[in-house]
There are 2 protein chains.
Amino acid sequence: MDDGRATITRGGENLLFLTDEQLRQGIEAMFFAYRGFTADPDRILADMAYGRAHHRAIHFINRAPGTTVNNLLNILGVTKQSLNRVLRTLIEDGLVESRVGKSDKRERHLFLTEDGHALEGRLSDAQRARMRAAFRDAGPEAVAGFRTVLEAMMDTEMHRTYQRLKESGA
Amino acid sequence: MDDGRATITRGGENLLFLTDEQLRQGIEAMFFAYRGFTADPDRILADMAYGRAHHRAIHFINRAPGTTVNNLLNILGVTKQSLNRVLRTLIEDGLVESRVGKSDKRERHLFLTEDGHALEGRLSDAQRARMRAAFRDAGPEAVAGFRTVLEAMMDTEMHRTYQRLKESGA
DNA sequence: TTGGAATGTCAACAAGGCTGACTTAAACTG
DNA sequence: CAGTTTAAGTCAGCCTTGTTGACATTCCAA
């Protein structure tokens with residue numbers, strides 16, 4: 001129990017007493033870990049005129065090249081005015097290209113330019129390095145558990161989005 | 001491999017291939033899960049004139065009653081001007097009490113009032129409910145892994161703070 | 001008694017959320 | 001074809017929450 005967990009075994013099943021104290025530790029772990037999670041890209045972005053919002057846009061455009069503005073809006077969960085402000089600067093600065101849709105000319109399809117890919121690389125290298133170190137330190141079983149809990153914590157709508165991205169990736 | 005993990009066993013040790021794709025899934029899981037993590041308290045706070053910053057202050061004052069402003073500053077990782085703005089409204093609204101230090105009268109010790117405790121309860125009930133559901137769905141082993149990875153993702157300074165809080169709690 | 005620490009305050013600013021109103025162009029539909 | 005809906009973009013204004021810099025107050029400690 002000195003590790004904060006209390007388990008009993010009954011009928012071959014592992015039961016966990018979810019005390020408020022343990023839940024609070026989980027909450028605080030999320031809080032502090034998220035700070036670490038964003039710290040490295042934030043440092044890179046601080047030197048430029050960009051922030052976390054730009055990072056997110058770049059990340060998901062890279063993840064789903066050719067995505068429409070509307071689709072990106074759903075993934076990011078912000079208003080189009082908010083996204084537009086970010087997108088406009090990225091397009092002006094030549095990091096993102098916006099192409100008119102072929103079948104539906106109302107749509108704009110978003111792509112990273114060469115410069116955009118360069119920045120994306122810098123940002124995700126930094127973020128992946130920390131994630132890789134954490135995964136290595138924690139070990140494969142912990143990594144599996146980590147992802148299981150995170151998925152269970154998402155809203156169902158976000159979880160669907162996450163799954164769709166996951167399937168399109170690997 | 002259909003779950004996105006690739007493991008081999010060698011010398012009784014489980015090795016994980018940390019492909020960029022798997023790291024990216026971890027990154028996106030953090031992103032989407034954090035949204036879920038904050039969603040419920042955010043909804044409660046939206047009705048009032050408060051935001052996430054107020055929630056964080058209330059949480060840690062409740063966690064460590066009598067904490068000084070400086071200590072809270074270190075935990076939250078913001079500037080004193082930022083914290084002060086939040087703290088001032090909470091004190092004005094009678095949710096937080098600031099007592100001049102006994103031994104060191106420069107220090108202010110922070111406590112939740114009855115109303116402050118009431119709001120803290122509402123907020124953490126909502127947040128704990130989601131965490132509890134996620135922990136229950138994921139199972140005890142996953143929860144252990146979740147915490148292991150999160151701890152490994154923190155900056156060392158934050159990790160110390162987290163540990164100190166953890167030890168003071170249970 | 002003087003220096004430094006802890007706290008608080010004022011001003012100004014920026015990022016990044018939000019709402020609401022509106023335009024343009026394209027696509028769909030009766 | 002006319003009217004409606006949809007995708008995107010824009011303008012204006014607001015809020016929260018972060019930042020820096022400058023400065024005052026209080027009080028401990030050397």
# chains A, B, ... in the order shown; residues from 1 in each chain; ligands from 1

$ closest_atom_pairs --of "chain A" --to "chain C" --cutoff "12 Å" --atoms "only C-alpha atoms (C1' of nucleotides)" --output "JSON lines"
{"residue": "A:Ala46", "atom": "CA", "partner": "C:DA15", "partner_atom": "C1'", "distance": 11.2}
{"residue": "A:Ala49", "atom": "CA", "partner": "C:DA15", "partner_atom": "C1'", "distance": 9.8}
{"residue": "A:Tyr50", "atom": "CA", "partner": "C:DA15", "partner_atom": "C1'", "distance": 8.8}
{"residue": "A:Gly51", "atom": "CA", "partner": "C:DA15", "partner_atom": "C1'", "distance": 7.2}
{"residue": "A:Arg52", "atom": "CA", "partner": "C:DG16", "partner_atom": "C1'", "distance": 9.0}
{"residue": "A:Ala53", "atom": "CA", "partner": "C:DG16", "partner_atom": "C1'", "distance": 7.4}
{"residue": "A:His54", "atom": "CA", "partner": "C:DG16", "partner_atom": "C1'", "distance": 10.2}
{"residue": "A:Gly77", "atom": "CA", "partner": "C:DG17", "partner_atom": "C1'", "distance": 10.8}
{"residue": "A:Val78", "atom": "CA", "partner": "C:DG17", "partner_atom": "C1'", "distance": 7.8}
{"residue": "A:Thr79", "atom": "CA", "partner": "C:DC18", "partner_atom": "C1'", "distance": 7.9}
{"residue": "A:Lys80", "atom": "CA", "partner": "C:DC18", "partner_atom": "C1'", "distance": 10.7}
{"residue": "A:Gln81", "atom": "CA", "partner": "C:DC18", "partner_atom": "C1'", "distance": 9.1}
{"residue": "A:Ser82", "atom": "CA", "partner": "C:DG17", "partner_atom": "C1'", "distance": 7.0}
{"residue": "A:Leu83", "atom": "CA", "partner": "C:DG16", "partner_atom": "C1'", "distance": 9.4}
{"residue": "A:Asn84", "atom": "CA", "partner": "C:DG16", "partner_atom": "C1'", "distance": 11.4}
{"residue": "A:Arg85", "atom": "CA", "partner": "C:DG16", "partner_atom": "C1'", "distance": 9.2}
{"residue": "A:Val86", "atom": "CA", "partner": "C:DG16", "partner_atom": "C1'", "distance": 9.1}
{"residue": "A:Val100", "atom": "CA", "partner": "C:DA26", "partner_atom": "C1'", "distance": 11.4}
{"residue": "A:Gly101", "atom": "CA", "partner": "C:DA26", "partner_atom": "C1'", "distance": 10.8}
{"residue": "A:Lys102", "atom": "CA", "partner": "C:DA26", "partner_atom": "C1'", "distance": 11.8}
{"residue": "A:Ser103", "atom": "CA", "partner": "C:DA27", "partner_atom": "C1'", "distance": 10.3}
{"residue": "A:Asp104", "atom": "CA", "partner": "C:DA26", "partner_atom": "C1'", "distance": 7.5}
{"residue": "A:Lys105", "atom": "CA", "partner": "C:DA26", "partner_atom": "C1'", "distance": 6.4}
{"residue": "A:Arg106", "atom": "CA", "partner": "C:DA26", "partner_atom": "C1'", "distance": 5.5}
{"residue": "A:Glu107", "atom": "CA", "partner": "C:DA26", "partner_atom": "C1'", "distance": 9.1}

$ residues_around --residues "Val143 (chain A)" --least-positions-apart "3" --cutoff "8 Å" --atoms "only C-alpha atoms (C1' of nucleotides)" --output "PyMOL selection string"
(chain A and resi 135+138-140+146-147) or (chain B and resi 145-146+149)

$ select_by_dssp --residues "region 19-97 of chain A" --states "alpha helix (DSSP H)" --output "PyMOL selection string"
chain A and resi 20-47+52-63+69-76+80-92

$ interface_residues --of "chain B" --to "chain A" --cutoff "7 Å" --atoms "only C-alpha atoms" --output "PyMOL selection string"
chain B and resi 14-16+18+21+23+25-26+29-30+32-33+36-37+128+130-132+134-135+137-138+140-155+158+166+170

$ closest_atom_pairs --of "chain D" --to "chain A" --cutoff "10 Å" --atoms "only C-alpha atoms (C1' of nucleotides)" --output "tab-separated table"
residue	atom	partner	partner_atom	distance
D:DT6	C1'	A:Arg106	CA	8.5
D:DA7	C1'	A:Arg106	CA	5.4
D:DA8	C1'	A:Arg106	CA	7.0
D:DG9	C1'	A:Asn84	CA	7.8
D:DT10	C1'	A:Gln81	CA	8.6

$ atom_distance --atom1 "CA of Gly66 (chain B)" --atom2 "CA of Asp40 (chain B)"
27.1 Å

$ atom_distance --atom1 "CA of Leu45 (chain A)" --atom2 "CA of Glu97 (chain A)"
20.0 Å

$ residues_around --residues "Phe111 (chain A)" --least-positions-apart "3" --cutoff "10 Å" --atoms "only C-alpha atoms (C1' of nucleotides)" --output "PyMOL selection string"
chain A and resi 58+60-68+91+95-99+108+114+116-117

$ atom_distance --atom1 "CA of Leu87 (chain A)" --atom2 "CA of Leu123 (chain A)"
17.2 Å

$ select_by_dssp --residues "chain B" --states "strand (DSSP E)" --output "list of chain:residue names"
B:Thr7, B:Ile8, B:Thr9, B:Arg10, B:Glu13, B:Asn14, B:Leu15, B:Leu16, B:Thr67, B:Thr68, B:Val96, B:Glu97, B:Ser98, B:Arg99, B:Val100, B:Arg108, B:His109, B:Leu110, B:Phe111, B:Leu112

$ write_last_selection --atoms "C-alpha atoms" --output "PDB file, in the first residue's frame"
ATOM      1  CA  THR B   7       6.746  -6.439 -28.394  1.00  0.00           C
ATOM      2  CA  ILE B   8       9.325  -9.158 -28.375  1.00  0.00           C
ATOM      3  CA  THR B   9      10.482 -11.217 -25.468  1.00  0.00           C
ATOM      4  CA  ARG B  10      14.161 -11.655 -24.883  1.00  0.00           C
ATOM      5  CA  GLU B  13      12.230  -9.105 -20.564  1.00  0.00           C
ATOM      6  CA  ASN B  14       9.507  -7.480 -22.538  1.00  0.00           C
ATOM      7  CA  LEU B  15      10.892  -5.059 -25.093  1.00  0.00           C
ATOM      8  CA  LEU B  16       8.791  -2.474 -26.820  1.00  0.00           C
ATOM      9  CA  THR B  67       0.077  26.901   2.134  1.00  0.00           C
ATOM     10  CA  THR B  68       1.851  30.174   1.485  1.00  0.00           C
ATOM     11  CA  VAL B  96     -10.514  31.667   0.209  1.00  0.00           C
ATOM     12  CA  GLU B  97      -9.199  33.125   3.431  1.00  0.00           C
ATOM     13  CA  SER B  98      -5.750  34.643   3.667  1.00  0.00           C
ATOM     14  CA  ARG B  99      -4.233  34.667   7.145  1.00  0.00           C
ATOM     15  CA  VAL B 100      -1.099  36.553   8.047  1.00  0.00           C
ATOM     16  CA  ARG B 108       0.041  34.709   3.932  1.00  0.00           C
ATOM     17  CA  HIS B 109      -1.428  31.319   4.653  1.00  0.00           C
ATOM     18  CA  LEU B 110      -4.298  30.288   2.448  1.00  0.00           C
ATOM     19  CA  PHE B 111      -7.378  28.361   3.501  1.00  0.00           C
ATOM     20  CA  LEU B 112     -10.694  27.509   1.923  1.00  0.00           C
TER      21      LEU B 112
END
